[in-house]
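> My structure file query-v3.pdb, PDB, C-alpha atoms, is below:
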ATOM      1  CA  MET A 105    -191.099-173.120-101.598
ATOM      2  CA  LEU A 106    -189.791-172.636 -98.093
ATOM      3  CA  LYS A 107    -187.514-169.706 -97.580
ATOM      4  CA  LEU A 108    -184.734-169.987 -95.067
ATOM      5  CA  ARG A 109    -184.864-167.229 -92.513
ATOM      6  CA  LYS A 110    -181.641-165.432 -91.764
ATOM      7  CA  LYS A 111    -180.622-165.457 -88.158
ATOM      8  CA  SER A 112    -181.395-162.187 -86.456
ATOM      9  CA  ALA A 113    -178.313-160.101 -85.818
ATOM     10  CA  THR A 114    -179.902-158.372 -82.844
ATOM     11  CA  ALA A 115    -178.905-159.314 -79.336
ATOM     12  CA  ALA A 116    -181.092-161.503 -77.184
ATOM     13  CA  PRO A 117    -183.389-159.487 -74.898
ATOM     14  CA  ALA A 118    -181.409-160.525 -71.809
ATOM     15  CA  GLU A 119    -178.269-159.047 -73.333
ATOM     16  CA  LEU A 120    -179.629-155.684 -74.452
ATOM     17  CA  PRO A 121    -177.915-152.673 -72.847
ATOM     18  CA  LEU A 122    -179.712-150.374 -70.427
ATOM     19  CA  LEU A 123    -179.539-146.589 -70.510
ATOM     20  CA  ILE A 124    -179.731-144.344 -67.489
ATOM     21  CA  GLU A 125    -179.852-140.570 -67.799
ATOM     22  CA  THR A 126    -181.006-137.661 -65.709
ATOM     23  CA  ALA A 127    -184.395-136.188 -66.597
ATOM     24  CA  ASN A 128    -182.818-133.143 -68.270
ATOM     25  CA  GLY A 129    -180.541-135.403 -70.350
ATOM     26  CA  SER A 130    -177.333-133.723 -69.171
ATOM     27  CA  LEU A 131    -175.881-136.886 -67.602
ATOM     28  CA  ARG A 132    -176.187-140.349 -69.086
ATOM     29  CA  ARG A 133    -174.579-143.787 -69.153
ATOM     30  CA  ILE A 134    -175.183-146.936 -71.180
ATOM     31  CA  PHE A 135    -174.479-150.200 -69.352
ATOM     32  CA  ALA A 136    -173.430-153.032 -71.658
ATOM     33  CA  GLY A 137    -175.741-156.005 -72.151
ATOM     34  CA  PRO A 138    -173.444-158.721 -70.723
ATOM     35  CA  GLN A 139    -172.932-156.679 -67.533
ATOM     36  CA  ILE A 140    -176.655-156.102 -67.134
ATOM     37  CA  SER A 141    -177.274-159.800 -67.744
ATOM     38  CA  GLN A 142    -175.041-160.760 -64.808
ATOM     39  CA  LEU A 143    -176.648-158.234 -62.469
ATOM     40  CA  ARG A 144    -180.089-159.332 -63.673
ATOM     41  CA  ARG A 145    -179.230-162.886 -62.631
ATOM     42  CA  MET A 146    -178.166-161.691 -59.187
ATOM     43  CA  VAL A 147    -181.327-159.611 -58.687
ATOM     44  CA  THR A 148    -183.552-162.447 -59.918
ATOM     45  CA  ASP A 149    -181.922-164.976 -57.584
ATOM     46  CA  LEU A 150    -182.555-162.662 -54.624
ATOM     47  CA  LEU A 151    -186.143-162.024 -55.700
ATOM     48  CA  VAL A 152    -186.942-165.710 -56.195
ATOM     49  CA  GLY A 153    -185.427-166.546 -52.831
ATOM     50  CA  GLN A 154    -187.265-163.617 -51.243
ATOM     51  CA  ARG A 155    -183.925-162.302 -50.005
ATOM     52  CA  LEU A 156    -183.862-158.907 -51.747
ATOM     53  CA  PRO A 157    -183.483-156.346 -48.921
ATOM     54  CA  ASP A 158    -185.094-152.933 -48.815
ATOM     55  CA  ARG A 159    -181.674-151.350 -48.209
ATOM     56  CA  ILE A 160    -178.618-152.768 -49.968
ATOM     57  CA  GLY A 161    -175.138-151.399 -49.315
ATOM     58  CA  PHE A 162    -172.385-151.695 -51.918
ATOM     59  CA  THR A 163    -168.799-151.281 -50.775
ATOM     60  CA  ALA A 164    -165.275-152.525 -51.488
ATOM     61  CA  ALA A 165    -162.012-153.214 -49.754
ATOM     62  CA  LEU A 166    -160.041-150.546 -51.610
ATOM     63  CA  ARG A 167    -160.799-147.461 -53.652
ATOM     64  CA  GLY A 168    -161.219-147.867 -57.407
ATOM     65  CA  GLU A 169    -163.090-151.191 -57.380
ATOM     66  CA  GLY A 170    -166.104-149.757 -59.238
ATOM     67  CA  VAL A 171    -168.636-149.479 -56.405
ATOM     68  CA  SER A 172    -170.428-146.447 -57.879
ATOM     69  CA  TYR A 173    -170.641-148.150 -61.267
ATOM     70  CA  ILE A 174    -172.093-151.360 -59.798
ATOM     71  CA  THR A 175    -174.533-149.410 -57.607
ATOM     72  CA  LEU A 176    -175.900-147.487 -60.599
ATOM     73  CA  ALA A 177    -176.050-150.574 -62.838
ATOM     74  CA  SER A 178    -177.857-152.541 -60.119
ATOM     75  CA  ALA A 179    -180.301-149.685 -59.546
ATOM     76  CA  VAL A 180    -181.251-149.341 -63.207
ATOM     77  CA  THR A 181    -181.554-153.129 -63.587
ATOM     78  CA  LEU A 182    -183.817-153.419 -60.540
ATOM     79  CA  ALA A 183    -186.005-150.474 -61.561
ATOM     80  CA  HIS A 184    -186.260-151.585 -65.204
ATOM     81  CA  ASP A 185    -186.970-155.267 -64.524
ATOM     82  CA  THR A 186    -189.356-154.999 -61.576
ATOM     83  CA  GLY A 187    -191.058-151.635 -61.961
ATOM     84  CA  ARG A 188    -190.367-150.958 -58.291
ATOM     85  CA  ARG A 189    -189.384-147.557 -56.951
ATOM     86  CA  VAL A 190    -185.620-147.447 -56.442
ATOM     87  CA  CYS A 191    -183.272-144.763 -55.129
ATOM     88  CA  ALA A 192    -179.475-144.932 -55.441
ATOM     89  CA  VAL A 193    -177.832-142.927 -52.646
ATOM     90  CA  GLU A 194    -174.159-141.953 -52.615
ATOM     91  CA  PHE A 195    -172.305-141.712 -49.300
ATOM     92  CA  ASN A 196    -168.808-141.369 -50.741
ATOM     93  CA  TRP A 197    -167.821-137.829 -49.757
ATOM     94  CA  LEU A 198    -164.138-138.800 -49.956
ATOM     95  CA  ALA A 199    -164.170-139.667 -53.681
ATOM     96  CA  PRO A 200    -167.692-139.208 -55.107
ATOM     97  CA  GLY A 201    -168.250-141.228 -58.273
ATOM     98  CA  MET A 202    -171.983-141.207 -59.015
ATOM     99  CA  LEU A 203    -171.981-138.139 -61.258
ATOM    100  CA  THR A 204    -168.611-139.095 -62.753
ATOM    101  CA  ASN A 205    -170.022-142.476 -63.812
ATOM    102  CA  LEU A 206    -172.916-140.682 -65.490
ATOM    103  CA  ASN A 207    -170.448-138.489 -67.370
ATOM    104  CA  PRO A 208    -167.875-140.912 -68.840
ATOM    105  CA  PRO A 209    -165.080-139.308 -70.898
ATOM    106  CA  PRO A 210    -165.454-139.589 -74.695
ATOM    107  CA  LEU A 211    -163.350-142.266 -76.382
ATOM    108  CA  ALA A 212    -160.335-141.223 -78.413
ATOM    109  CA  SER A 213    -160.512-141.804 -82.151
ATOM    110  CA  GLY A 214    -158.416-144.759 -83.289
ATOM    111  CA  ARG A 215    -158.756-144.237 -87.022
ATOM    112  CA  GLY A 216    -155.718-143.726 -89.177
ATOM    113  CA  LYS A 217    -152.079-144.082 -88.261
ATOM    114  CA  ARG A 218    -152.230-141.244 -85.806
ATOM    115  CA  ARG A 219    -154.405-141.773 -82.767
ATOM    116  CA  GLU A 220    -156.450-138.686 -82.040
ATOM    117  CA  PRO A 221    -156.392-137.487 -78.417
ATOM    118  CA  ALA A 222    -159.542-138.040 -76.379
ATOM    119  CA  PRO A 223    -161.928-135.079 -76.376
ATOM    120  CA  THR A 224    -162.182-133.071 -73.159
ATOM    121  CA  PRO A 225    -164.949-134.514 -70.947
ATOM    122  CA  THR A 226    -167.966-132.368 -70.228
ATOM    123  CA  PRO A 227    -167.530-130.508 -66.906
ATOM    124  CA  LEU A 228    -169.600-132.035 -64.124
ATOM    125  CA  PRO A 229    -172.449-129.896 -62.786
ATOM    126  CA  VAL A 230    -172.275-128.816 -59.139
ATOM    127  CA  LEU A 231    -175.315-130.474 -57.597
ATOM    128  CA  PRO A 232    -176.479-130.648 -53.974
ATOM    129  CA  GLY A 233    -176.811-134.040 -52.346
ATOM    130  CA  VAL A 234    -176.926-135.902 -49.054
ATOM    131  CA  ALA A 235    -174.560-133.501 -47.264
ATOM    132  CA  GLU A 236    -176.595-130.421 -48.189
ATOM    133  CA  VAL A 237    -179.862-132.113 -47.141
ATOM    134  CA  LEU A 238    -178.385-133.053 -43.750
ATOM    135  CA  ARG A 239    -177.137-129.486 -43.222
ATOM    136  CA  GLY A 240    -180.584-128.111 -44.072
ATOM    137  CA  GLN A 241    -179.342-126.183 -47.117
ATOM    138  CA  VAL A 242    -181.764-127.905 -49.529
ATOM    139  CA  THR A 243    -184.797-130.153 -49.195
ATOM    140  CA  LEU A 244    -184.723-133.828 -50.125
ATOM    141  CA  ASP A 245    -186.942-133.162 -53.145
ATOM    142  CA  GLU A 246    -184.535-130.486 -54.363
ATOM    143  CA  ALA A 247    -181.571-132.872 -54.146
ATOM    144  CA  LEU A 248    -183.179-135.958 -55.729
ATOM    145  CA  LEU A 249    -182.401-136.447 -59.433
ATOM    146  CA  ALA A 250    -185.157-137.907 -61.598
ATOM    147  CA  THR A 251    -184.091-140.261 -64.410
ATOM    148  CA  ASN A 252    -185.483-141.636 -67.661
ATOM    149  CA  HIS A 253    -186.927-144.534 -65.614
ATOM    150  CA  ALA A 254    -190.120-143.452 -63.843
ATOM    151  CA  GLY A 255    -189.315-145.366 -60.650
ATOM    152  CA  LEU A 256    -185.566-144.605 -60.455
ATOM    153  CA  TRP A 257    -184.122-141.617 -58.598
ATOM    154  CA  LEU A 258    -180.567-140.673 -57.657
ATOM    155  CA  LEU A 259    -179.197-138.830 -54.638
ATOM    156  CA  PRO A 260    -175.533-137.780 -54.993
ATOM    157  CA  ALA A 261    -173.220-137.335 -52.021
ATOM    158  CA  GLY A 262    -172.895-133.574 -52.165
ATOM    159  CA  ALA A 263    -169.916-131.780 -50.624
ATOM    160  CA  ALA A 264    -168.560-132.349 -47.110
ATOM    161  CA  THR A 265    -165.254-131.326 -45.583
ATOM    162  CA  VAL A 266    -162.918-133.790 -43.879
ATOM    163  CA  GLU A 267    -164.080-132.469 -40.510
ATOM    164  CA  GLN A 268    -167.780-132.861 -41.376
ATOM    165  CA  ARG A 269    -167.698-136.425 -42.761
ATOM    166  CA  PRO A 270    -167.455-138.424 -39.488
ATOM    167  CA  LEU A 271    -170.292-136.439 -37.927
ATOM    168  CA  LEU A 272    -172.545-136.818 -40.992
ATOM    169  CA  ALA A 273    -171.882-140.574 -41.216
ATOM    170  CA  ARG A 274    -172.933-141.140 -37.601
ATOM    171  CA  SER A 275    -175.686-138.539 -37.290
ATOM    172  CA  ALA A 276    -179.290-139.084 -36.303
ATOM    173  CA  GLU A 277    -180.208-136.834 -39.248
ATOM    174  CA  LEU A 278    -178.727-139.369 -41.682
ATOM    175  CA  ARG A 279    -180.704-142.227 -40.122
ATOM    176  CA  SER A 280    -183.844-140.087 -40.333
ATOM    177  CA  LEU A 281    -183.131-139.314 -43.996
ATOM    178  CA  LEU A 282    -182.797-143.020 -44.783
ATOM    179  CA  ASN A 283    -186.048-143.781 -42.980
ATOM    180  CA  THR A 284    -187.773-141.166 -45.131
ATOM    181  CA  LEU A 285    -186.286-142.673 -48.293
ATOM    182  CA  SER A 286    -187.367-146.165 -47.232
ATOM    183  CA  GLU A 287    -190.934-144.885 -46.867
ATOM    184  CA  ARG A 288    -190.893-143.371 -50.359
ATOM    185  CA  PHE A 289    -189.006-146.129 -52.209
ATOM    186  CA  ASP A 290    -189.238-149.910 -52.317
ATOM    187  CA  HIS A 291    -185.448-150.271 -52.404
ATOM    188  CA  VAL A 292    -182.635-147.912 -51.398
ATOM    189  CA  LEU A 293    -179.170-148.765 -52.742
ATOM    190  CA  LEU A 294    -176.250-147.274 -50.832
ATOM    191  CA  ASP A 295    -172.915-146.408 -52.461
ATOM    192  CA  VAL A 296    -170.481-146.717 -49.535
ATOM    193  CA  PRO A 297    -166.742-145.835 -49.658
ATOM    194  CA  ALA A 298    -164.110-148.554 -49.348
ATOM    195  CA  VAL A 299    -164.053-150.039 -45.853
ATOM    196  CA  LEU A 300    -160.252-150.192 -45.619
ATOM    197  CA  GLU A 301    -159.910-146.528 -46.636
ATOM    198  CA  VAL A 302    -162.023-144.718 -44.028
ATOM    199  CA  SER A 303    -163.565-145.796 -40.721
ATOM    200  CA  ASP A 304    -166.755-143.904 -41.623
ATOM    201  CA  SER A 305    -167.605-146.777 -43.965
ATOM    202  CA  LEU A 306    -168.236-149.142 -41.049
ATOM    203  CA  ALA A 307    -170.909-146.792 -39.685
ATOM    204  CA  LEU A 308    -172.398-146.281 -43.165
ATOM    205  CA  VAL A 309    -172.523-150.009 -43.976
ATOM    206  CA  ALA A 310    -174.410-150.585 -40.723
ATOM    207  CA  LEU A 311    -177.261-148.461 -42.142
ATOM    208  CA  ALA A 312    -177.958-151.153 -44.767
ATOM    209  CA  THR A 313    -180.132-154.215 -44.237
ATOM    210  CA  ALA A 314    -177.502-156.254 -46.102
ATOM    211  CA  CYS A 315    -174.483-155.482 -48.245
ATOM    212  CA  ALA A 316    -172.401-156.746 -51.161
ATOM    213  CA  LEU A 317    -168.644-156.457 -51.558
ATOM    214  CA  VAL A 318    -167.380-155.316 -54.973
ATOM    215  CA  VAL A 319    -164.024-156.801 -55.997
ATOM    216  CA  ARG A 320    -162.095-155.922 -59.138
ATOM    217  CA  GLN A 321    -160.931-159.271 -60.447
ATOM    218  CA  GLY A 322    -157.191-159.741 -60.706
ATOM    219  CA  VAL A 323    -156.442-156.470 -58.906
ATOM    220  CA  THR A 324    -157.509-156.693 -55.259
ATOM    221  CA  PRO A 325    -155.373-159.054 -53.130
ATOM    222  CA  ILE A 326    -157.326-161.853 -51.460
ATOM    223  CA  THR A 327    -155.923-160.806 -48.080
ATOM    224  CA  GLU A 328    -157.506-157.363 -48.482
ATOM    225  CA  VAL A 329    -160.836-158.894 -49.491
ATOM    226  CA  GLN A 330    -160.785-161.059 -46.373
ATOM    227  CA  ARG A 331    -159.966-158.066 -44.195
ATOM    228  CA  ALA A 332    -162.904-156.159 -45.677
ATOM    229  CA  LEU A 333    -165.282-159.086 -45.126
ATOM    230  CA  ASN A 334    -164.157-159.296 -41.500
ATOM    231  CA  ASP A 335    -164.788-155.558 -41.083
ATOM    232  CA  ILE A 336    -168.371-155.738 -42.378
ATOM    233  CA  GLN A 337    -169.393-158.933 -40.596
ATOM    234  CA  HIS A 338    -171.769-156.887 -38.419
ATOM    235  CA  VAL A 339    -174.041-156.684 -41.512
ATOM    236  CA  PRO A 340    -175.427-159.679 -43.479
ATOM    237  CA  VAL A 341    -173.344-160.091 -46.654
ATOM    238  CA  LEU A 342    -175.258-161.002 -49.808
ATOM    239  CA  GLY A 343    -172.094-161.989 -51.635
ATOM    240  CA  VAL A 344    -169.075-160.762 -53.571
ATOM    241  CA  ILE A 345    -169.509-159.075 -56.961
ATOM    242  CA  LEU A 346    -166.593-159.501 -59.351
ATOM    243  CA  ASN A 347    -166.170-156.336 -61.394
ATOM    244  CA  GLN A 348    -164.456-156.415 -64.797
ATOM    245  CA  ALA A 349    -164.261-160.196 -64.584
ATOM    246  CA  GLN A 350    -162.802-161.974 -67.597
ATOM    247  CA  ILE A 351    -163.268-165.729 -67.634
ATOM    248  CA  ALA A 352    -161.833-167.678 -70.536
ATOM    249  CA  THR A 353    -164.073-170.689 -71.130
ATOM    250  CA  PRO A 354    -163.032-173.284 -73.757
ATOM    251  CA  ARG A 355    -165.405-173.624 -76.721
ATOM    252  CA  TRP A 356    -166.125-177.275 -75.984
ATOM    253  CA  ILE A 357    -167.451-176.271 -72.556
ATOM    254  CA  HIS A 358    -169.600-173.538 -74.140
ATOM    255  CA  ARG A 359    -171.247-176.222 -76.319
ATOM    256  CA  LEU A 360    -172.297-178.100 -73.176
ATOM    257  CA  ILE A 361    -173.975-175.051 -71.610
ATOM    258  CA  PRO A 362    -177.655-174.555 -72.549
ATOM    259  CA  GLN A 363    -178.098-171.169 -74.186
ATOM    260  CA  GLU A 364    -181.040-168.973 -73.241
TER     261      GLU A 364
END
For this file, write the structure as structure tokens.


Amino acid sequence: MLKLRKKSATAAPAELPLLIETANGSLRRIFAGPQISQLRRMVTDLLVGQRLPDRIGFTAALRGEGVSYITLASAVTLAHDTGRRVCAVEFNWLAPGMLTNLNPPPLASGRGKRREPAPTPTPLPVLPGVAEVLRGQVTLDEALLATNHAGLWLLPAGAATVEQRPLLARSAELRSLLNTLSERFDHVLLDVPAVLEVSDSLALVALATACALVVRQGVTPITEVQRALNDIQHVPVLGVILNQAQIATPRWIHRLIPQE
């Protein structure tokens, strides 16, 4: 007698989440499967078309678009799927988000009639980064953060005063640092601050081979997106990444789409 097999409740491999954490396990983040699936499609398209640059800059028009989140998710996807050596570098001294994204606040409990307040997030460690390397306070190896992926390393922004930021962004030392990273890694992903917030971003974007603009769907005005694209036209633009996109597709259309 044939026995009917129950459908597996596990997610398809393309939709499995990816975990990134520092080697000591103190900072970690799980990226949801559907988000990884979209970034995986983008990375694969660039690989197939042989258009995946060695240095990719991620920026936005305005602050709060999720550039640090997208940079980290893209880095872990690229390292996991290709086995290449990848380094995610943060240049956002104005509002650093790399370590914050690896230390998301715990969710509040929603059980019962009374909603429990969210637990206090774990304090972020004070870690050296790009700024300290450029000032000669630490070596590059001391600032690089190893992760649970053998080929993936992180380099946070570090601390820089308002007076120091313009000089660091345009310094020969920064260009030399990036050249060193490009020699050690197959791909260097740059987390650049919003181009309409600080003029330093235009100099930082120019350090990338190509860049992508992160847009939070339904939040950023189209006029601001266009202004940002005009500002970064001195660098090849790979495309626009919609963050937190919600697209309502009717069921009858879903039935017409081949499922992987």

> When you look at range 130-132 of chain A with a cut-off of 10 Å (counting only C-alpha atoms), what residues show up, excluding the ones that are within fewer than 4 positions of it in the same chain? I need them as a ChimeraX atom specification.

/A:123-126,203-208,226,228-229,251-252

> Could you work out how far CA of Pro157 in chain A lies from CA of Leu120 in chain A, giving the answer in Å with one decimal?

25.8 Å

> Within 9 Å of (-173.8, -137.0, -48.8), only C-alpha atoms: residues as a list in words?

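Final list of nearby residues, as requested, is Val193, Glu194, Phe195, Asn196, Trp197, Pro232, Gly233, Val234, Ala235, Glu236, Val237, Leu238, Leu259, Pro260, Ala261, Gly262, Ala263, Ala264, Arg269, Leu272, Ala273 and Leu278 of chain A.
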
> Pick out the closest residue to Gln142 in chain A from this set: A:Ala250, A:Ala192, A:Ala164, A:Ile174. Count only C-alpha atoms.

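With only C-alpha atoms as the atom set, the closest residue is A:Ile174.
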
> So how far away is CA of Leu143 in chain A from CA of His291 in chain A, in Å?

15.6 Å

> Which is closer to Arg144 in chain A than all the others in A:Phe162, A:Ala179, A:Gly201, A:Arg167, using all atoms listed in the file?

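Nearest to Arg144 in chain A: A:Ala179.
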